[in-house]
$ cat structure-v4.cif   # mmCIF, C-alpha atoms and all ligand atoms
data_work
#
loop_
_atom_site.label_atom_id
_atom_site.label_comp_id
_atom_site.auth_asym_id
_atom_site.auth_seq_id
_atom_site.Cartn_x
_atom_site.Cartn_y
_atom_site.Cartn_z
CA MET E 10 66.50 14.72 94.26
CA THR E 11 63.67 14.98 91.76
CA THR E 12 62.26 18.38 92.49
CA ALA E 13 63.99 21.69 93.09
CA THR E 14 63.08 25.36 93.27
CA ALA E 15 65.35 28.31 92.59
CA THR E 16 64.98 32.07 92.80
CA ALA E 17 67.16 34.51 90.86
CA HIS E 18 67.05 38.30 90.61
CA ALA E 19 67.37 40.41 87.49
CA ASN E 20 70.54 42.33 86.80
CA ILE E 21 71.17 45.50 84.84
CA ALA E 22 74.49 45.85 83.05
CA LEU E 23 76.55 48.95 83.82
CA VAL E 24 79.10 47.94 81.21
CA LYS E 25 77.04 46.21 78.55
CA TYR E 26 77.24 42.85 76.84
CA TRP E 27 76.32 43.22 73.18
CA GLY E 28 77.50 40.63 70.65
CA LYS E 29 78.68 37.04 70.74
CA ARG E 30 81.89 35.56 69.41
CA ASP E 31 80.48 32.01 69.58
CA ALA E 32 76.68 31.68 69.42
CA GLU E 33 76.66 27.91 70.03
CA ARG E 34 78.61 28.13 73.29
CA MET E 35 77.19 31.58 74.15
CA LEU E 36 80.59 33.18 74.42
CA PRO E 37 80.42 37.00 74.46
CA ALA E 38 82.57 39.31 72.36
CA THR E 39 83.53 41.18 75.54
CA SER E 40 83.37 41.02 79.31
CA SER E 41 80.55 42.97 81.01
CA LEU E 42 79.65 44.22 84.48
CA SER E 43 76.28 44.49 86.21
CA LEU E 44 74.28 45.25 89.31
CA THR E 45 71.79 42.64 90.54
CA LEU E 46 68.51 44.26 91.68
CA ASP E 47 66.17 43.33 94.52
CA ALA E 48 63.01 44.51 92.73
CA PHE E 49 62.56 41.82 90.05
CA HIS E 50 62.95 38.10 90.40
CA THR E 51 61.99 34.76 88.90
CA THR E 52 61.14 31.64 90.91
CA THR E 53 61.24 28.36 89.04
CA THR E 54 60.37 24.83 90.13
CA VAL E 55 61.56 21.79 88.18
CA ASP E 56 59.79 18.48 88.88
CA LEU E 57 61.15 15.38 87.18
CA THR E 58 58.46 13.20 85.56
CA ASP E 59 58.35 9.56 84.50
CA GLY E 60 57.86 10.41 80.82
CA ALA E 61 60.58 12.07 78.73
CA ASP E 62 58.73 15.31 77.81
CA VAL E 63 59.59 18.78 79.06
CA ASP E 64 56.58 21.05 79.72
CA VAL E 65 56.89 24.64 80.83
CA ALA E 66 54.37 27.04 82.35
CA LEU E 67 55.35 30.69 82.69
CA ASP E 68 53.14 32.65 85.08
CA GLY E 69 50.51 29.91 84.75
CA GLU E 70 50.46 29.86 80.92
CA ALA E 71 51.86 26.93 78.93
CA LEU E 72 54.91 27.95 76.92
CA THR E 73 54.80 27.06 73.19
CA GLY E 74 56.84 27.55 70.02
CA ALA E 75 60.35 29.00 70.03
CA ALA E 76 60.23 29.98 73.71
CA LEU E 77 59.42 26.38 74.70
CA THR E 78 62.12 24.99 72.38
CA LYS E 79 64.68 27.26 74.01
CA VAL E 80 63.88 25.90 77.48
CA GLN E 81 63.77 22.28 76.20
CA ARG E 82 67.22 22.69 74.63
CA PHE E 83 68.50 24.05 77.91
CA VAL E 84 67.12 21.06 79.82
CA ASP E 85 68.69 18.73 77.21
CA LEU E 86 72.02 20.40 77.87
CA VAL E 87 71.72 19.43 81.52
CA ARG E 88 70.36 15.92 80.81
CA GLY E 89 73.15 15.32 78.28
CA ARG E 90 75.95 15.90 80.76
CA ASP E 91 78.30 13.03 81.71
CA ASP E 92 77.81 13.73 85.40
CA VAL E 93 74.02 13.13 85.36
CA ASP E 94 72.95 9.58 86.31
CA PRO E 95 71.69 7.92 83.05
CA ASP E 96 68.47 6.74 84.75
CA VAL E 97 67.71 10.28 85.90
CA ALA E 98 68.73 11.77 82.53
CA ARG E 99 65.98 9.78 80.80
CA ARG E 100 63.30 11.54 82.83
CA GLY E 101 61.35 14.53 81.59
CA ALA E 102 60.44 17.62 83.58
CA ARG E 103 57.47 19.74 84.48
CA ILE E 104 58.71 23.29 84.90
CA SER E 105 56.76 26.19 86.34
CA SER E 106 58.10 29.67 86.57
CA ALA E 107 56.79 32.89 88.09
CA ASN E 108 58.20 36.23 87.09
CA THR E 109 57.98 39.61 88.76
CA VAL E 110 59.70 41.08 85.70
CA PRO E 111 57.52 42.18 82.76
CA THR E 112 58.60 39.53 80.23
CA GLY E 113 60.46 40.68 77.12
CA ALA E 114 60.40 44.39 77.92
CA GLY E 115 64.14 44.95 78.21
CA LEU E 116 63.94 44.50 81.98
CA ALA E 117 66.23 41.50 81.88
CA SER E 118 63.60 38.78 82.38
CA SER E 119 65.85 36.34 80.50
CA ALA E 120 68.63 36.94 83.03
CA SER E 121 66.65 36.05 86.14
CA GLY E 122 64.70 33.43 84.16
CA PHE E 123 67.65 31.39 82.93
CA ALA E 124 69.61 31.80 86.17
CA ALA E 125 66.65 30.37 88.12
CA LEU E 126 66.15 27.64 85.49
CA ALA E 127 69.84 26.68 85.67
CA GLY E 128 69.73 26.44 89.46
CA ALA E 129 66.51 24.42 89.62
CA THR E 130 67.28 22.11 86.66
CA ALA E 131 70.80 21.29 87.85
CA ALA E 132 69.53 20.45 91.33
CA ALA E 133 66.53 18.41 90.09
CA TYR E 134 68.79 16.28 87.87
CA GLY E 135 71.07 15.63 90.82
CA LEU E 136 73.99 17.95 90.06
CA ASP E 137 75.81 19.81 92.78
CA LEU E 138 77.48 22.64 90.89
CA THR E 139 79.64 25.45 92.24
CA PRO E 140 78.30 29.00 91.74
CA ARG E 141 80.92 29.44 89.01
CA ASP E 142 79.71 26.36 87.13
CA LEU E 143 76.09 27.42 87.62
CA SER E 144 77.04 30.73 86.07
CA ARG E 145 78.60 28.93 83.06
CA LEU E 146 75.44 26.83 82.75
CA ALA E 147 73.09 29.85 83.02
CA ARG E 148 75.16 31.54 80.31
CA ARG E 149 74.10 28.84 77.85
CA GLY E 150 70.44 29.86 78.30
CA SER E 151 71.01 33.61 78.06
CA GLY E 152 74.33 35.40 78.33
CA SER E 153 73.18 37.95 80.88
CA ALA E 154 71.83 35.11 83.08
CA SER E 155 75.42 34.18 83.97
CA ARG E 156 75.54 37.41 86.02
CA SER E 157 72.25 36.80 87.91
CA VAL E 158 73.85 33.85 89.75
CA PHE E 159 75.50 36.46 91.99
CA GLY E 160 74.24 39.44 93.96
CA ASP E 161 75.34 43.09 93.98
CA PHE E 162 78.12 44.07 91.51
CA VAL E 163 79.10 41.25 89.15
CA VAL E 164 81.62 40.87 86.33
CA TRP E 165 81.14 38.31 83.53
CA HIS E 166 84.48 37.43 81.98
CA ALA E 167 84.67 37.03 78.22
CA GLY E 168 87.00 34.06 78.85
CA ASP E 169 89.79 32.66 76.70
CA LEU E 170 89.45 34.25 73.27
CA GLU E 171 91.68 31.83 71.34
CA ASP E 172 90.28 28.38 72.08
CA PRO E 173 86.47 27.87 72.26
CA GLU E 174 86.77 24.91 74.67
CA ARG E 175 88.90 26.92 77.06
CA GLY E 176 86.58 29.88 76.43
CA ASP E 177 83.64 27.80 77.66
CA LEU E 178 85.53 26.96 80.87
CA THR E 179 86.71 30.51 81.53
CA SER E 180 83.62 32.56 80.60
CA PHE E 181 81.79 32.82 83.92
CA ALA E 182 80.59 35.58 86.23
CA GLU E 183 81.81 36.39 89.72
CA PRO E 184 81.22 39.09 92.34
CA VAL E 185 83.11 42.38 92.16
CA PRO E 186 84.42 43.51 95.54
CA ALA E 187 83.01 46.95 96.41
CA ALA E 188 84.31 49.62 98.74
CA ALA E 189 82.41 49.78 102.02
CA GLY E 190 80.04 52.72 101.86
CA LEU E 191 79.33 52.49 98.13
CA ASP E 192 75.55 52.47 98.57
CA VAL E 193 73.86 52.51 95.19
CA ALA E 194 70.29 52.22 93.97
CA MET E 195 68.44 52.24 90.67
CA ALA E 196 65.23 53.95 89.63
CA VAL E 197 63.64 51.87 86.86
CA VAL E 198 61.46 53.96 84.56
CA VAL E 199 58.96 51.63 82.88
CA LEU E 200 57.92 53.16 79.59
CA ASP E 201 56.53 50.13 77.82
CA ALA E 202 56.14 46.73 79.41
CA GLY E 203 55.06 45.12 76.12
CA PRO E 204 57.12 42.62 74.10
CA LYS E 205 60.14 43.98 72.26
CA SER E 206 60.34 44.56 68.52
CA ILE E 207 63.37 42.34 67.92
CA GLY E 208 64.95 39.83 70.27
CA SER E 209 68.43 40.51 71.61
CA ARG E 210 69.82 37.32 70.06
CA GLU E 211 68.91 38.34 66.50
CA ALA E 212 69.75 42.01 67.11
CA MET E 213 73.23 41.12 68.39
CA ALA E 214 73.91 38.84 65.43
CA ARG E 215 72.89 41.62 63.03
CA THR E 216 75.07 44.16 64.85
CA VAL E 217 78.12 41.87 64.77
CA ALA E 218 77.58 41.14 61.07
CA THR E 219 76.79 44.63 59.78
CA SER E 220 77.75 47.45 62.17
CA PRO E 221 81.02 49.15 61.21
CA TYR E 222 81.22 50.44 64.80
CA PHE E 223 81.25 46.98 66.34
CA PRO E 224 85.07 46.54 66.46
CA ALA E 225 85.39 49.87 68.29
CA TRP E 226 82.67 48.78 70.72
CA VAL E 227 84.59 45.60 71.55
CA GLN E 228 87.87 47.46 72.04
CA HIS E 229 86.40 50.08 74.41
CA THR E 230 84.27 47.69 76.42
CA GLU E 231 87.20 45.69 77.82
CA VAL E 232 88.76 48.95 79.03
CA ASP E 233 85.42 50.08 80.51
CA VAL E 234 85.04 46.84 82.50
CA ARG E 235 88.45 47.29 84.11
CA GLU E 236 87.73 50.95 84.88
CA ALA E 237 84.32 50.11 86.36
CA GLU E 238 85.91 47.46 88.61
CA ALA E 239 88.40 50.08 89.79
CA ALA E 240 85.62 52.64 90.41
CA ILE E 241 83.64 50.10 92.46
CA ALA E 242 86.73 49.15 94.48
CA ALA E 243 87.40 52.85 95.13
CA GLY E 244 83.75 53.62 95.97
CA ASP E 245 83.66 56.26 93.23
CA LEU E 246 79.99 56.43 92.20
CA GLU E 247 80.47 59.40 89.91
CA ARG E 248 83.13 57.59 87.89
CA LEU E 249 81.00 54.42 87.77
CA GLY E 250 77.90 56.34 86.71
CA ASP E 251 79.79 58.15 84.00
CA LEU E 252 81.18 54.86 82.63
CA ALA E 253 77.75 53.20 82.80
CA GLU E 254 75.99 55.94 80.86
CA ALA E 255 78.76 56.02 78.25
CA SER E 256 78.61 52.22 77.82
CA ALA E 257 74.84 52.31 77.27
CA MET E 258 75.12 55.12 74.72
CA ARG E 259 77.87 53.30 72.85
CA MET E 260 75.94 50.04 72.81
CA HIS E 261 72.93 51.79 71.29
CA ALA E 262 75.22 53.61 68.84
CA THR E 263 76.74 50.37 67.61
CA MET E 264 73.32 48.80 67.05
CA LEU E 265 71.92 51.95 65.40
CA ALA E 266 74.77 51.60 62.90
CA ALA E 267 73.65 48.08 61.93
CA ARG E 268 71.70 47.46 58.72
CA PRO E 269 68.80 47.50 59.07
CA ALA E 270 69.30 49.64 62.19
CA VAL E 271 68.34 48.15 65.53
CA ARG E 272 66.56 50.79 67.58
CA TYR E 273 65.07 50.13 70.99
CA LEU E 274 64.90 53.70 72.26
CA ALA E 275 61.59 55.51 71.96
CA PRO E 276 60.83 59.26 72.11
CA ALA E 277 59.82 58.74 75.75
CA SER E 278 63.28 57.23 76.46
CA LEU E 279 64.93 60.43 75.25
CA GLU E 280 62.64 62.49 77.48
CA VAL E 281 63.90 60.51 80.47
CA LEU E 282 67.50 61.07 79.34
CA ASP E 283 66.76 64.81 79.38
CA ALA E 284 65.35 64.50 82.89
CA VAL E 285 68.57 62.73 83.98
CA LEU E 286 70.63 65.57 82.51
CA GLY E 287 68.39 67.95 84.46
CA LEU E 288 69.04 66.06 87.70
CA ARG E 289 72.79 66.27 87.14
CA ALA E 290 72.62 69.96 86.24
CA ALA E 291 70.82 70.50 89.56
CA GLY E 292 73.63 68.71 91.40
CA THR E 293 72.15 65.22 91.93
CA GLY E 294 74.28 62.25 90.85
CA ALA E 295 72.10 60.25 88.41
CA TRP E 296 73.19 58.25 85.37
CA ALA E 297 71.06 56.50 82.76
CA THR E 298 71.34 53.08 81.16
CA MET E 299 69.07 51.39 78.61
CA ASP E 300 68.91 47.81 77.33
CA ALA E 301 67.00 45.98 74.60
CA GLY E 302 63.86 48.04 75.13
CA PRO E 303 62.72 51.63 75.71
CA ASN E 304 62.90 51.59 79.53
CA VAL E 305 65.52 53.72 81.25
CA LYS E 306 67.24 52.67 84.48
CA VAL E 307 68.86 55.41 86.51
CA LEU E 308 71.79 54.68 88.80
CA CYS E 309 72.12 56.91 91.85
CA ALA E 310 73.21 56.93 95.49
CA ARG E 311 70.85 55.11 97.80
CA GLU E 312 70.21 58.28 99.76
CA ASP E 313 69.10 60.04 96.55
CA LEU E 314 66.74 57.29 95.36
CA ASP E 315 63.48 58.82 96.59
CA ALA E 316 64.30 62.25 95.19
CA VAL E 317 65.49 60.82 91.85
CA ALA E 318 62.39 58.60 91.54
CA ARG E 319 60.15 61.57 92.29
CA VAL E 320 61.69 63.72 89.56
CA LEU E 321 61.61 60.88 87.01
CA ALA E 322 57.97 60.09 87.80
CA ASP E 323 57.13 63.62 86.64
CA SER E 324 54.03 64.06 88.81
CA GLY E 325 52.75 60.56 88.15
CA ARG E 326 53.17 60.73 84.36
CA ARG E 327 55.69 57.88 84.42
CA ARG E 328 55.86 54.61 86.35
CA VAL E 329 59.08 54.37 88.35
CA ILE E 330 60.11 51.27 90.30
CA PRO E 331 62.72 51.90 93.00
CA ALA E 332 65.36 49.14 93.23
CA ARG E 333 68.33 48.37 95.45
CA PRO E 334 71.11 45.82 95.10
CA GLY E 335 69.72 42.29 95.20
CA PRO E 336 70.96 38.81 96.19
CA GLY E 337 72.38 35.97 94.14
CA LEU E 338 70.75 32.68 93.13
CA ALA E 339 69.08 30.68 95.92
CA VAL E 340 68.25 27.01 95.35
CA THR E 341 66.05 24.91 97.63
CA ARG E 342 65.72 21.19 97.07
O1 LIG E 401 71.65 37.73 77.38
P1 LIG E 401 70.58 38.56 76.79
O2 LIG E 401 70.06 38.01 75.52
O3 LIG E 401 69.50 38.86 77.79
O4 LIG E 401 71.24 39.96 76.36
C1 LIG E 401 71.21 41.08 77.16
C2 LIG E 401 71.81 42.26 76.52
C3 LIG E 401 71.59 43.57 77.25
O5 LIG E 401 70.62 43.46 78.27
C4 LIG E 401 71.12 44.62 76.28
C5 LIG E 401 72.90 44.05 77.87
C6 LIG E 401 73.38 43.31 79.08
O6 LIG E 401 74.61 43.24 79.25
O7 LIG E 401 72.56 42.80 79.86
#
$ encode --input "structure-v4.cif" --output "structure tokens" --more "lines below"
Ligand code: PMV
Amino acid sequence: MTTATATAHANIALVKYWGKRDAERMLPATSSLSLTLDAFHTTTTVDLTDGADVDVALDGEALTGAALTKVQRFVDLVRGRDDVDPDVARRGARISSANTVPTGAGLASSASGFAALAGATAAAYGLDLTPRDLSRLARRGSGSASRSVFGDFVVWHAGDLEDPERGDLTSFAEPVPAAAGLDVAMAVVVLDAGPKSIGSREAMARTVATSPYFPAWVQHTEVDVREAEAAIAAGDLERLGDLAEASAMRMHATMLAARPAVRYLAPASLEVLDAVLGLRAAGTGAWATMDAGPNVKVLCAREDLDAVARVLADSGRRRVIPARPGPGLAVTR
């Protein structure tokens, strides 16, 4: 097979991933847990070429510089595998990718992007990987991409902490079984769709190296993942929402304690956090989470989504995108 197309949806972590223990193998310091969303996806086509070069177009524009190098390294990872036919491995690729996620705005474009790239590249180079191995492969492009291989609630295991080789084999994502009737949704408040001030890779490395709160973050996150799994299994949205908001706050606290501080939240983010407190005070279950950007995503029951989105939009002052749980990676050859 020399051409393949894959579609992957973005995911938003409810228990966050922040910090690597092995940057080369993309092994995280902790496990994390997410919800895949239907509202944002990336579709990527990989066409093998006769030459050896790898060209990439993102939303019709040729990728250059560090962004291109990152994709080329990822393709080399696939081409360098023992299980790829040597004649096929020599071939280059023309890659085109279309995003419905505003790139680089903390709306997890790297997650859907690298999950789709993993699916399409593996298939184009003739690999037939299990979802678990696709998740391990996507992880090498961007950690959070490991989770976008699956739909709905997903856990990404930190993997074996002692031995890096075993860590690579055991750090993958998989679906989290949910109680029937746990119908969730997310209102995504888009405050700034522009590029972010500092990339998550550099910001994580700085946090790990300089934040005195980082060890506490690691310790609490493993506990939070287990509790979130239990809340999902029990269908306890309030417990899950509470854990999710606490995890987001702690992640931002640990990066604010880095030197220099890493700050993604803007004044407008805090205004949304106040609105979420207001919703809860008025008796509506709504819980906020924020990633590597100013946008705020608000978890709620599906039946409350319209009402929550209306309040957060604040009479049209803010752009709110309603989202529901989305599907896992789909590859067509
Ligand atoms: O894998 P990256 O570089 O997209 O890192 C994502 C980190 C956060 O979005 C902030 C948290 C998470 O778990 O997705």
$ residues_near_ligand --input "structure-v4.cif" --ligand "ligand LIG 401 (chain E)" --cutoff "10 Å" --atoms "only C-alpha atoms and all ligand atoms" --output "JSON list (two decimals) with C-alpha atoms, in the coordinates of the input"
[["chain", "number", "residue", "atom", "x", "y", "z"],
["E", 19, "ALA", "CA", 67.37, 40.41, 87.49],
["E", 20, "ASN", "CA", 70.54, 42.33, 86.80],
["E", 21, "ILE", "CA", 71.17, 45.50, 84.84],
["E", 22, "ALA", "CA", 74.49, 45.85, 83.05],
["E", 23, "LEU", "CA", 76.55, 48.95, 83.82],
["E", 24, "VAL", "CA", 79.10, 47.94, 81.21],
["E", 25, "LYS", "CA", 77.04, 46.21, 78.55],
["E", 26, "TYR", "CA", 77.24, 42.85, 76.84],
["E", 27, "TRP", "CA", 76.32, 43.22, 73.18],
["E", 28, "GLY", "CA", 77.50, 40.63, 70.65],
["E", 29, "LYS", "CA", 78.68, 37.04, 70.74],
["E", 35, "MET", "CA", 77.19, 31.58, 74.15],
["E", 37, "PRO", "CA", 80.42, 37.00, 74.46],
["E", 39, "THR", "CA", 83.53, 41.18, 75.54],
["E", 40, "SER", "CA", 83.37, 41.02, 79.31],
["E", 41, "SER", "CA", 80.55, 42.97, 81.01],
["E", 42, "LEU", "CA", 79.65, 44.22, 84.48],
["E", 43, "SER", "CA", 76.28, 44.49, 86.21],
["E", 44, "LEU", "CA", 74.28, 45.25, 89.31],
["E", 113, "GLY", "CA", 60.46, 40.68, 77.12],
["E", 115, "GLY", "CA", 64.14, 44.95, 78.21],
["E", 116, "LEU", "CA", 63.94, 44.50, 81.98],
["E", 117, "ALA", "CA", 66.23, 41.50, 81.88],
["E", 118, "SER", "CA", 63.60, 38.78, 82.38],
["E", 119, "SER", "CA", 65.85, 36.34, 80.50],
["E", 120, "ALA", "CA", 68.63, 36.94, 83.03],
["E", 121, "SER", "CA", 66.65, 36.05, 86.14],
["E", 122, "GLY", "CA", 64.70, 33.43, 84.16],
["E", 123, "PHE", "CA", 67.65, 31.39, 82.93],
["E", 147, "ALA", "CA", 73.09, 29.85, 83.02],
["E", 148, "ARG", "CA", 75.16, 31.54, 80.31],
["E", 149, "ARG", "CA", 74.10, 28.84, 77.85],
["E", 150, "GLY", "CA", 70.44, 29.86, 78.30],
["E", 151, "SER", "CA", 71.01, 33.61, 78.06],
["E", 152, "GLY", "CA", 74.33, 35.40, 78.33],
["E", 153, "SER", "CA", 73.18, 37.95, 80.88],
["E", 154, "ALA", "CA", 71.83, 35.11, 83.08],
["E", 155, "SER", "CA", 75.42, 34.18, 83.97],
["E", 156, "ARG", "CA", 75.54, 37.41, 86.02],
["E", 165, "TRP", "CA", 81.14, 38.31, 83.53],
["E", 208, "GLY", "CA", 64.95, 39.83, 70.27],
["E", 209, "SER", "CA", 68.43, 40.51, 71.61],
["E", 210, "ARG", "CA", 69.82, 37.32, 70.06],
["E", 211, "GLU", "CA", 68.91, 38.34, 66.50],
["E", 212, "ALA", "CA", 69.75, 42.01, 67.11],
["E", 213, "MET", "CA", 73.23, 41.12, 68.39],
["E", 256, "SER", "CA", 78.61, 52.22, 77.82],
["E", 257, "ALA", "CA", 74.84, 52.31, 77.27],
["E", 260, "MET", "CA", 75.94, 50.04, 72.81],
["E", 261, "HIS", "CA", 72.93, 51.79, 71.29],
["E", 273, "TYR", "CA", 65.07, 50.13, 70.99],
["E", 298, "THR", "CA", 71.34, 53.08, 81.16],
["E", 299, "MET", "CA", 69.07, 51.39, 78.61],
["E", 300, "ASP", "CA", 68.91, 47.81, 77.33],
["E", 301, "ALA", "CA", 67.00, 45.98, 74.60],
["E", 302, "GLY", "CA", 63.86, 48.04, 75.13]]
$ atom_distance --input "structure-v4.cif" --atom1 "CA of Asp201 in chain E" --atom2 "CA of Val307 in chain E"
16.0 Å
$ closest_residue --input "structure-v4.cif" --among "E:Thr341, E:Thr12, E:Thr45, E:Thr58" --to "Val185 in chain E" --atoms "only C-alpha atoms"
E:Thr45
$ closest_residue --input "structure-v4.cif" --among "E:Gly128, E:Gly74, E:Pro184, E:Gly60" --to "Ala339 in chain E" --atoms "all atoms listed in the file"
E:Gly128
$ atom_distance --input "structure-v4.cif" --atom1 "CA of Gly135 in chain E" --atom2 "CA of Phe162 in chain E"
29.3 Å
$ closest_residue --input "structure-v4.cif" --among "E:Glu231, E:Asp177, E:Asp85, E:Asp283" --to "Leu321 in chain E" --atoms "only C-alpha atoms"
E:Asp283
$ closest_residue --input "structure-v4.cif" --among "E:Asp92, E:Glu254, E:Asp142, E:Asp161" --to "Leu282 in chain E" --atoms "only C-alpha atoms"
E:Glu254
$ residues_around --input "structure-v4.cif" --residues "Pro224 in chain E" --least-positions-apart "4" --cutoff "10 Å" --atoms "all atoms listed in the file" --output "ChimeraX atom specification"
/E:38,217,220,228-229,263
$ closest_residue --input "structure-v4.cif" --among "E:Asn108, E:Thr78, E:Thr130, E:Ser157" --to "Leu338 in chain E" --atoms "all atoms listed in the file"
E:Ser157
$ residues_around --input "structure-v4.cif" --residues "range 308-320 of chain E" --least-positions-apart "4" --cutoff "7 Å" --atoms "only C-alpha atoms" --output "compact mmCIF listing (two decimals) with C-alpha atoms, in the coordinates of the input"
# COMPACT_ATOMS: atom_id res chain seq x y z
CA ASP E 192 75.55 52.47 98.57
CA VAL E 193 73.86 52.51 95.19
CA ALA E 194 70.29 52.22 93.97
CA MET E 195 68.44 52.24 90.67
CA ALA E 196 65.23 53.95 89.63
CA GLY E 250 77.90 56.34 86.71
CA GLY E 294 74.28 62.25 90.85
CA ALA E 295 72.10 60.25 88.41
CA TRP E 296 73.19 58.25 85.37
CA ALA E 297 71.06 56.50 82.76
CA VAL E 329 59.08 54.37 88.35
CA PRO E 331 62.72 51.90 93.00
$ atom_distance --input "structure-v4.cif" --atom1 "CA of Ser278 in chain E" --atom2 "CA of Ala262 in chain E"
14.6 Å
$ closest_residue --input "structure-v4.cif" --among "E:Ala75, E:Thr11, E:Thr52, E:Leu126" --to "Val97 in chain E" --atoms "only C-alpha atoms"
E:Thr11
